[in-house]
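Novice: Encoded as structure tokens, here's the structure I'll be asking about.
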Amino acid sequence: MREISPPLSIEVADVTVAYANGIVALRDASFKLGPGVICALVGVNGSGKSTLFKAIMGFIRPVKGSVRIAGKSVEQARRGKRIAYVPQSEEVDWTFPVNVWDVVMMGRYGHMNFMRLPSATDKRIVAESLDRVGMSDFKERQIGELSGGQKKRVFLARALAQRGSIMLLDEPFTGVDVTTEETIISLLRALRDDGHIILVSTHNLGSVPEFCDHVVLVNRTVLAAGPTDDVFTEKNLTLAFGGVLRQFHFEQSTIQEHDGRTVKLLTDDERPLVFGKDGHLEYKDREGREKLVKEREKEAGK
Amino acid sequence: MTDLLTPFHYDYMLKAILVSGLIGGVCAFLSCFITLKGWSLMGDALSHAVVPGVSLAWLVGLPFSVGAFVAGILAALSMGWVKRHTRLREDAVIGVIFTSWFALGLLLLSLYPSNLNLRTIIFGNILAISDPDILQVLIISGISILVLTLKWRDLLLYCFDESHARSLGMNTSFLHFLLLSLLAATAVAALQTVGACLVVAMLVTPGATAYLLTDRFGKMLIIATITGLLCGVLGAYGSYFLNGSTGGCIVVLQTLVFLVVLFLAPKHGLLAARRQRRIAAMS
Ligand SMILES: Nc1ncnc2c1ncn2[C@@H]1O[C@H](COP(=O)(O)OP(=O)(O)O)[C@@H](O)[C@H]1O
Ligand SMILES: [Mg+2]
């Protein structure tokens, strides 16, 4: 049933966004995405990820530059119901008297008549979407009574029910359990294989190379954009994160007998917990832990 | 037995009961949106800000509700404008703008006395409501009910998740203005029943009561509307026997219902919460 129109694409060209308080959240941001891609939007808190999403959705008008979707303006794309947006958890009122089914049904509003009375098709699609995220058993639950991961899945189901071809997910992995993360990732892969464009903002650096084909690094502007292998380099990440990134240099750590090659562990929001041989807890630096290092050496020697 | 029927022998009581029930129901329907959108304070403010409109409408010979409605909308728009262009918090803006409109109303009414005197506007006087005024109430209520039954799902989505509504291509500015207009219109209609001081109770209490009783918005609408309607009818009816203020009776009744629900609601009531804590502590 897909429309025969110009191929799907997102084109962000020289976009500058300023808020009413004078803060320029983004300056001259540019990148381009074609169909069938999962793209990660990576940057520190306050780097302008949500702002970029809002500019793509047309919620805020850039003071300069333009966003084109499949060659058309954002307003036209919205009217064509092509873009689904999964908000950051903080933006939702969880005490609202709506249950899981109601929320997912909201994804269908754009396809309904003037009074928004759901048809049999709408109900079928909602049930299907809930099933795909594994939330069918929770459809009667009030949304505030769900775990962090379940909440995310409900909003993902709403985006699925919308049947758009572009999906924007703002920090879908924050406060989410591993099962949910895996569910989300496999769903996004399936959508990509159907030709959708998926844009995910995330802190979760480790998962980016796992499932993202493209990366856009942001810090008040687009620092780098392109295929993951080209963009997701240590140099670029250091540029994007500066001192915020937590590093674990194996050769400086309490780990013994590393193989001489330099291995480095990078993480954004959490310190890594590292266990060495025999399940020993390992520390980031040796300084002040000379005794521990000696003990380990003895163990290794024996 | 026949005593209980006496209020119905008086034309004025019959009118008061029916109009109170109608307005109670319409305000209650809207109260579900107002409480969830966080506009309770706005409802209070709007009901005071309509006063200069009453006076000006009288001066130029328009029905009072037209003037009141326009004044309410202008006050709300000026508030929105000030809020957008300053760093003041919303409650401060509401405080400044709406009290100025109310003060302007007081001034105008004292300079140019109109058909509705200040007492009626502030405390309401449903027992003396004139037929043309009843007609105005009927028209406002009819339009409000029609719009709400047709568009409640859109308004719900707007209150719950404005971004999503926009991403679907809905006109959220229009929905915002629609909700604001409905609020102003019902505040005007409720003015004569309970008076400017108590309008906010009609626009908040039934919604708050229903919110404690259900987790589904559809049910909340039904529960609130029935509560509002019954409290309107019974409050007006009871005021005959108490020989007290009609508005006072209606709102006190609403508050009593709210209190009962606050304690006894099966899931969100205070006693239920306590019971659940005890069960959790025992297991
Ligand atoms: N509504 C707003 N008004 C003013 N400034 C804002 C607003 N939203 C975000 N900002 C500012 O814009 C910058 C980028 O924010 P945001 O896009 O939310 O970052 P991120 O999503 O990457 O954490 C921040 O400095 C933030 O303070
Ligand atoms: Mg953000």
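For the structure tokens, the naming scheme is as follows: chains receive sequential letters (A, B, ...) according to their order of presentation, residues are indexed from 1 within each chain, and ligands are indexed from 1 in presentation order.
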Do me a favour and pick out the residues of chain A within 6 Å of chain B, using only C-alpha atoms, as a list of chain:residue names.

Specialist: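 The answer, sorted by residue number, is A:Arg78, A:Arg79, A:Lys81, A:Pro97, A:Val98, A:Gly110, A:Met115.
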
Novice: Tell me, which residues of range 16-175 of chain A carry DSSP helix (DSSP H, G or I), written as JSON, numbers by chain?

Specialist: {"A": [49, 50, 51, 52, 53, 54, 55, 56, 57, 74, 75, 76, 77, 78, 79, 89, 90, 91, 100, 101, 102, 103, 104, 105, 106, 109, 110, 111, 120, 121, 122, 123, 124, 125, 126, 127, 128, 129, 130, 131, 132, 136, 137, 138, 143, 144, 145, 148, 149, 150, 151, 152, 153, 154, 155, 156, 157, 158, 159, 160, 161, 162]}

Novice: Would you name the residues within 10 Å of ligand 1, counting only C-alpha atoms and all ligand atoms, and put them as a ChimeraX atom specification?

Specialist: /A:17-26,41-55,60,88,170-171,201-203,218-220

Novice: Quick check, in Å to one decimal: how far apart do CA of Arg271 in chain A and CA of Gly242 in chain A lie?

Specialist: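 Rounded to one decimal, the two atoms are 15.7 Å apart.
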
Novice: Quick one: residues within 10 Å of Phe258 in chain B, only C-alpha atoms, excluding same-chain residues fewer than 5 positions away - as number ranges by chain?

Specialist: B: 205-210, 212, 227, 252-253, 263-265

Novice: At what distance in Å, to one decimal, does CA of Thr95 in chain A lie from CA of Lys267 in chain B?

Specialist: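 These atoms are spaced 13.7 Å apart.
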
Novice: Taking 2 positions as the minimum chain separation for residues in the same chain, which residues sit within 12 Å of Phe248 in chain A when counting only C-alpha atoms? Answer as a PDB file with N, CA and C atoms, in the first residue's frame.

Specialist:
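Okay, this is what ended up in around.pdb:
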ATOM      1  N   LEU A 245      33.263  11.829  28.964  1.00  0.00           N
ATOM      2  CA  LEU A 245      33.348  10.399  28.726  1.00  0.00           C
ATOM      3  C   LEU A 245      34.188   9.725  29.805  1.00  0.00           C
ATOM      4  N   ARG A 246      33.706   8.640  30.342  1.00  0.00           N
ATOM      5  CA  ARG A 246      34.480   7.890  31.327  1.00  0.00           C
ATOM      6  C   ARG A 246      35.345   6.873  30.595  1.00  0.00           C
ATOM      7  N   PHE A 250      43.042  -0.109  29.974  1.00  0.00           N
ATOM      8  CA  PHE A 250      43.410  -1.377  30.585  1.00  0.00           C
ATOM      9  C   PHE A 250      44.866  -1.385  31.056  1.00  0.00           C
ATOM     10  N   GLU A 251      45.732  -0.691  30.276  1.00  0.00           N
ATOM     11  CA  GLU A 251      47.147  -0.775  30.650  1.00  0.00           C
ATOM     12  C   GLU A 251      47.448   0.047  31.896  1.00  0.00           C
ATOM     13  N   GLN A 252      46.538   0.948  32.285  1.00  0.00           N
ATOM     14  CA  GLN A 252      46.764   1.711  33.512  1.00  0.00           C
ATOM     15  C   GLN A 252      46.017   1.117  34.694  1.00  0.00           C
ATOM     16  N   SER A 253      45.227   0.087  34.442  1.00  0.00           N
ATOM     17  CA  SER A 253      44.346  -0.428  35.487  1.00  0.00           C
ATOM     18  C   SER A 253      45.054  -1.474  36.329  1.00  0.00           C
ATOM     19  N   THR A 254      44.325  -1.983  37.295  1.00  0.00           N
ATOM     20  CA  THR A 254      44.902  -3.002  38.166  1.00  0.00           C
ATOM     21  C   THR A 254      44.931  -4.373  37.499  1.00  0.00           C
ATOM     22  N   ILE A 255      44.387  -4.448  36.275  1.00  0.00           N
ATOM     23  CA  ILE A 255      44.396  -5.735  35.568  1.00  0.00           C
ATOM     24  C   ILE A 255      45.832  -6.115  35.207  1.00  0.00           C
ATOM     25  N   THR A 262      46.942  -1.853  23.429  1.00  0.00           N
ATOM     26  CA  THR A 262      46.181  -0.911  24.234  1.00  0.00           C
ATOM     27  C   THR A 262      44.690  -1.148  24.017  1.00  0.00           C
ATOM     28  N   VAL A 263      44.005  -1.429  25.095  1.00  0.00           N
ATOM     29  CA  VAL A 263      42.553  -1.564  25.011  1.00  0.00           C
ATOM     30  C   VAL A 263      41.945  -0.489  25.888  1.00  0.00           C
ATOM     31  N   LYS A 264      40.878   0.142  25.377  1.00  0.00           N
ATOM     32  CA  LYS A 264      40.278   1.234  26.121  1.00  0.00           C
ATOM     33  C   LYS A 264      38.775   1.019  26.145  1.00  0.00           C
ATOM     34  N   LEU A 265      38.169   1.246  27.289  1.00  0.00           N
ATOM     35  CA  LEU A 265      36.726   1.083  27.412  1.00  0.00           C
ATOM     36  C   LEU A 265      36.123   2.479  27.580  1.00  0.00           C
ATOM     37  N   LEU A 266      35.168   2.817  26.735  1.00  0.00           N
ATOM     38  CA  LEU A 266      34.533   4.137  26.829  1.00  0.00           C
ATOM     39  C   LEU A 266      33.082   3.978  27.250  1.00  0.00           C
ATOM     40  N   THR A 267      32.629   4.843  28.137  1.00  0.00           N
ATOM     41  CA  THR A 267      31.205   4.843  28.455  1.00  0.00           C
ATOM     42  C   THR A 267      30.781   6.246  28.841  1.00  0.00           C
ATOM     43  N   ASP A 268      29.529   6.542  28.551  1.00  0.00           N
ATOM     44  CA  ASP A 268      29.084   7.909  28.786  1.00  0.00           C
ATOM     45  C   ASP A 268      28.487   8.088  30.170  1.00  0.00           C
ATOM     46  N   GLU A 270      27.632   5.841  32.689  1.00  0.00           N
ATOM     47  CA  GLU A 270      27.930   5.045  33.868  1.00  0.00           C
ATOM     48  C   GLU A 270      29.374   4.582  33.838  1.00  0.00           C
ATOM     49  N   ARG A 271      29.955   4.442  35.032  1.00  0.00           N
ATOM     50  CA  ARG A 271      31.290   3.850  35.105  1.00  0.00           C
ATOM     51  C   ARG A 271      31.169   2.369  34.845  1.00  0.00           C
ATOM     52  N   PRO A 272      32.119   1.798  34.074  1.00  0.00           N
ATOM     53  CA  PRO A 272      32.041   0.354  33.858  1.00  0.00           C
ATOM     54  C   PRO A 272      32.509  -0.379  35.108  1.00  0.00           C
ATOM     55  N   LEU A 273      31.909  -1.522  35.344  1.00  0.00           N
ATOM     56  CA  LEU A 273      32.346  -2.382  36.440  1.00  0.00           C
ATOM     57  C   LEU A 273      33.119  -3.513  35.773  1.00  0.00           C
ATOM     58  N   VAL A 274      34.424  -3.634  36.102  1.00  0.00           N
ATOM     59  CA  VAL A 274      35.244  -4.592  35.387  1.00  0.00           C
ATOM     60  C   VAL A 274      35.762  -5.662  36.336  1.00  0.00           C
ATOM     61  N   GLU A 282      38.344  -5.076  39.428  1.00  0.00           N
ATOM     62  CA  GLU A 282      39.484  -4.311  38.934  1.00  0.00           C
ATOM     63  C   GLU A 282      39.242  -2.802  39.030  1.00  0.00           C
ATOM     64  N   TYR A 283      40.311  -2.065  39.269  1.00  0.00           N
ATOM     65  CA  TYR A 283      40.204  -0.618  39.433  1.00  0.00           C
ATOM     66  C   TYR A 283      40.827   0.110  38.251  1.00  0.00           C
ATOM     67  N   LYS A 284      40.421   1.377  38.081  1.00  0.00           N
ATOM     68  CA  LYS A 284      40.811   2.166  36.930  1.00  0.00           C
ATOM     69  C   LYS A 284      42.313   2.488  36.952  1.00  0.00           C
ATOM     70  N   ASP A 285      42.868   2.869  38.114  1.00  0.00           N
ATOM     71  CA  ASP A 285      44.308   3.174  38.170  1.00  0.00           C
ATOM     72  C   ASP A 285      44.999   2.335  39.230  1.00  0.00           C
ATOM     73  N   ARG A 286      46.305   2.225  39.012  1.00  0.00           N
ATOM     74  CA  ARG A 286      47.095   1.441  39.961  1.00  0.00           C
ATOM     75  C   ARG A 286      47.514   2.284  41.148  1.00  0.00           C
TER      76      ARG A 286
END

Novice: From the DSSP assignment of the backbone, select every residue of range 24-261 of chain A that is strand (DSSP E), and format the answer as a PyMOL selection string.

Specialist: chain A and resi 24-33+37-42+64-69+72-73+83-86+166-170+197-202+214-218+222-227+246-249

Novice: Those same residues - N, CA and C atoms - I'd like them written as a compact mmCIF listing (two decimals), in the first residue's frame.

Specialist:
# COMPACT_ATOMS: atom_id res chain seq x y z
N VAL A 24 21.14 29.38 21.77
CA VAL A 24 21.21 28.76 20.45
C VAL A 24 21.56 27.30 20.67
N ALA A 25 20.55 26.44 20.56
CA ALA A 25 20.75 25.03 20.91
C ALA A 25 21.45 24.28 19.79
N LEU A 26 21.30 24.75 18.56
CA LEU A 26 21.94 24.10 17.41
C LEU A 26 22.37 25.17 16.43
N ARG A 27 23.56 24.96 15.84
CA ARG A 27 24.01 25.92 14.85
C ARG A 27 24.47 25.17 13.60
N ASP A 28 23.94 25.57 12.45
CA ASP A 28 24.36 25.01 11.16
C ASP A 28 24.47 23.48 11.15
N ALA A 29 23.43 22.84 11.65
CA ALA A 29 23.45 21.37 11.66
C ALA A 29 23.01 20.84 10.30
N SER A 30 23.77 19.92 9.75
CA SER A 30 23.42 19.32 8.46
C SER A 30 23.70 17.82 8.48
N PHE A 31 22.78 17.05 7.93
CA PHE A 31 23.04 15.65 7.59
C PHE A 31 21.93 15.15 6.69
N LYS A 32 22.10 13.94 6.18
CA LYS A 32 21.19 13.42 5.17
C LYS A 32 21.05 11.92 5.37
N LEU A 33 19.82 11.42 5.29
CA LEU A 33 19.62 9.98 5.44
C LEU A 33 18.73 9.46 4.32
N VAL A 37 17.42 2.72 7.02
CA VAL A 37 18.61 2.97 7.82
C VAL A 37 18.23 3.18 9.29
N ILE A 38 19.09 2.69 10.18
CA ILE A 38 18.96 3.06 11.59
C ILE A 38 20.11 3.99 11.90
N CYS A 39 19.78 5.19 12.36
CA CYS A 39 20.80 6.19 12.60
C CYS A 39 20.79 6.58 14.07
N ALA A 40 21.95 6.56 14.70
CA ALA A 40 22.05 6.98 16.10
C ALA A 40 22.40 8.46 16.18
N LEU A 41 21.74 9.14 17.10
CA LEU A 41 22.05 10.54 17.36
C LEU A 41 22.75 10.56 18.71
N VAL A 42 24.04 10.83 18.69
CA VAL A 42 24.83 10.66 19.91
C VAL A 42 25.40 12.00 20.37
N LYS A 64 17.17 29.44 10.87
CA LYS A 64 17.89 29.38 9.60
C LYS A 64 17.93 27.93 9.13
N GLY A 65 18.04 27.73 7.84
CA GLY A 65 18.15 26.39 7.30
C GLY A 65 16.81 25.72 7.12
N SER A 66 16.84 24.45 6.66
CA SER A 66 15.56 23.79 6.39
C SER A 66 15.66 22.29 6.63
N VAL A 67 14.49 21.71 6.89
CA VAL A 67 14.37 20.26 7.00
C VAL A 67 13.43 19.81 5.90
N ARG A 68 13.84 18.86 5.09
CA ARG A 68 12.98 18.33 4.03
C ARG A 68 12.80 16.84 4.26
N ILE A 69 11.60 16.39 4.09
CA ILE A 69 11.33 14.96 4.25
C ILE A 69 10.77 14.43 2.94
N LYS A 72 9.81 17.01 0.65
CA LYS A 72 8.70 17.90 0.96
C LYS A 72 8.95 18.59 2.29
N SER A 73 8.12 19.58 2.60
CA SER A 73 8.27 20.27 3.88
C SER A 73 7.78 19.37 5.00
N ILE A 83 5.55 10.52 9.90
CA ILE A 83 6.55 10.54 10.97
C ILE A 83 5.93 10.16 12.31
N ALA A 84 6.52 9.17 12.95
CA ALA A 84 6.10 8.81 14.30
C ALA A 84 7.19 9.24 15.27
N TYR A 85 6.77 9.75 16.42
CA TYR A 85 7.71 10.32 17.37
C TYR A 85 7.49 9.66 18.72
N VAL A 86 8.53 9.07 19.28
CA VAL A 86 8.44 8.46 20.60
C VAL A 86 9.14 9.39 21.59
N ILE A 166 8.82 6.96 8.94
CA ILE A 166 9.97 7.52 9.63
C ILE A 166 9.67 7.46 11.13
N MET A 167 10.63 7.00 11.90
CA MET A 167 10.39 6.92 13.34
C MET A 167 11.52 7.61 14.09
N LEU A 168 11.15 8.53 14.98
CA LEU A 168 12.14 9.21 15.80
C LEU A 168 11.96 8.76 17.24
N LEU A 169 13.01 8.24 17.84
CA LEU A 169 12.91 7.78 19.23
C LEU A 169 13.90 8.57 20.08
N ASP A 170 13.36 9.29 21.07
CA ASP A 170 14.22 10.10 21.93
C ASP A 170 14.61 9.29 23.17
N ILE A 197 13.04 4.79 7.85
CA ILE A 197 14.17 5.54 8.40
C ILE A 197 13.95 5.63 9.91
N ILE A 198 14.95 5.23 10.67
CA ILE A 198 14.81 5.26 12.12
C ILE A 198 15.94 6.08 12.72
N LEU A 199 15.55 7.05 13.54
CA LEU A 199 16.53 7.93 14.15
C LEU A 199 16.40 7.76 15.66
N VAL A 200 17.49 7.38 16.31
CA VAL A 200 17.46 7.07 17.74
C VAL A 200 18.47 7.94 18.46
N SER A 201 18.05 8.70 19.45
CA SER A 201 19.05 9.41 20.23
C SER A 201 19.41 8.52 21.41
N THR A 202 20.67 8.47 21.74
CA THR A 202 21.07 7.55 22.81
C THR A 202 22.37 7.96 23.49
N HIS A 214 24.19 4.15 10.76
CA HIS A 214 24.67 5.51 10.62
C HIS A 214 24.81 6.15 11.99
N VAL A 215 25.67 7.12 12.11
CA VAL A 215 25.79 7.87 13.36
C VAL A 215 25.86 9.35 13.04
N VAL A 216 25.11 10.15 13.83
CA VAL A 216 25.25 11.60 13.77
C VAL A 216 25.72 12.04 15.15
N LEU A 217 26.91 12.63 15.21
CA LEU A 217 27.44 13.10 16.49
C LEU A 217 27.08 14.57 16.66
N VAL A 218 26.43 14.90 17.77
CA VAL A 218 26.03 16.30 17.97
C VAL A 218 26.64 16.89 19.23
N VAL A 222 26.24 19.57 14.26
CA VAL A 222 26.58 18.21 13.86
C VAL A 222 28.09 18.15 13.67
N LEU A 223 28.76 17.38 14.55
CA LEU A 223 30.22 17.29 14.48
C LEU A 223 30.65 16.36 13.36
N ALA A 224 29.92 15.26 13.22
CA ALA A 224 30.26 14.30 12.18
C ALA A 224 29.02 13.48 11.89
N ALA A 225 28.87 13.05 10.66
CA ALA A 225 27.73 12.21 10.29
C ALA A 225 28.16 11.28 9.18
N GLY A 226 27.69 10.03 9.25
CA GLY A 226 28.02 9.07 8.22
C GLY A 226 27.91 7.66 8.73
N PRO A 227 28.41 6.68 7.94
CA PRO A 227 28.36 5.28 8.37
C PRO A 227 29.09 5.08 9.69
N ARG A 246 33.71 8.64 30.34
CA ARG A 246 34.48 7.89 31.33
C ARG A 246 35.35 6.87 30.60
N GLN A 247 36.63 6.85 30.98
CA GLN A 247 37.54 5.97 30.27
C GLN A 247 38.15 4.96 31.22
N PHE A 248 38.44 3.81 30.67
CA PHE A 248 39.06 2.74 31.45
C PHE A 248 40.19 2.20 30.59
N HIS A 249 41.41 2.71 30.84
CA HIS A 249 42.56 2.25 30.07
C HIS A 249 43.07 0.98 30.71

Novice: Would you please work out which residue, of A:Arg116, A:Thr174, A:Asn99, A:Glu295, is nearest to ligand 2 when using only C-alpha atoms and all ligand atoms?

Specialist: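 Between A:Arg116, A:Thr174, A:Asn99, A:Glu295, the residue approaching ligand 2 most closely is A:Thr174.
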
Novice: From the list A:Pro172, A:Gly148, A:Gly279, A:Gly195, which residue is nearest ligand 2 when using only C-alpha atoms and all ligand atoms?

Specialist: A:Pro172

Novice: Name all residues at most 9 Å from Ala128 in chain B (count only C-alpha atoms; drop same-chain ones fewer than 2 positions away) and give them as JSON, numbers by chain.

Specialist: {"B": [12, 16, 125, 126, 130]}

Novice: Can I get the selected residues back with C-alpha atoms, as a compact mmCIF listing (two decimals), in the first residue's frame?

Specialist:
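Output saved as selection_21.txt:
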# COMPACT_ATOMS: atom_id res chain seq x y z
CA TYR B 12 -39.07 29.64 39.72
CA ALA B 16 -33.73 26.81 39.02
CA ASN B 125 -29.00 34.32 41.83
CA ILE B 126 -30.53 31.43 40.00
CA SER B 130 -34.98 35.71 33.62
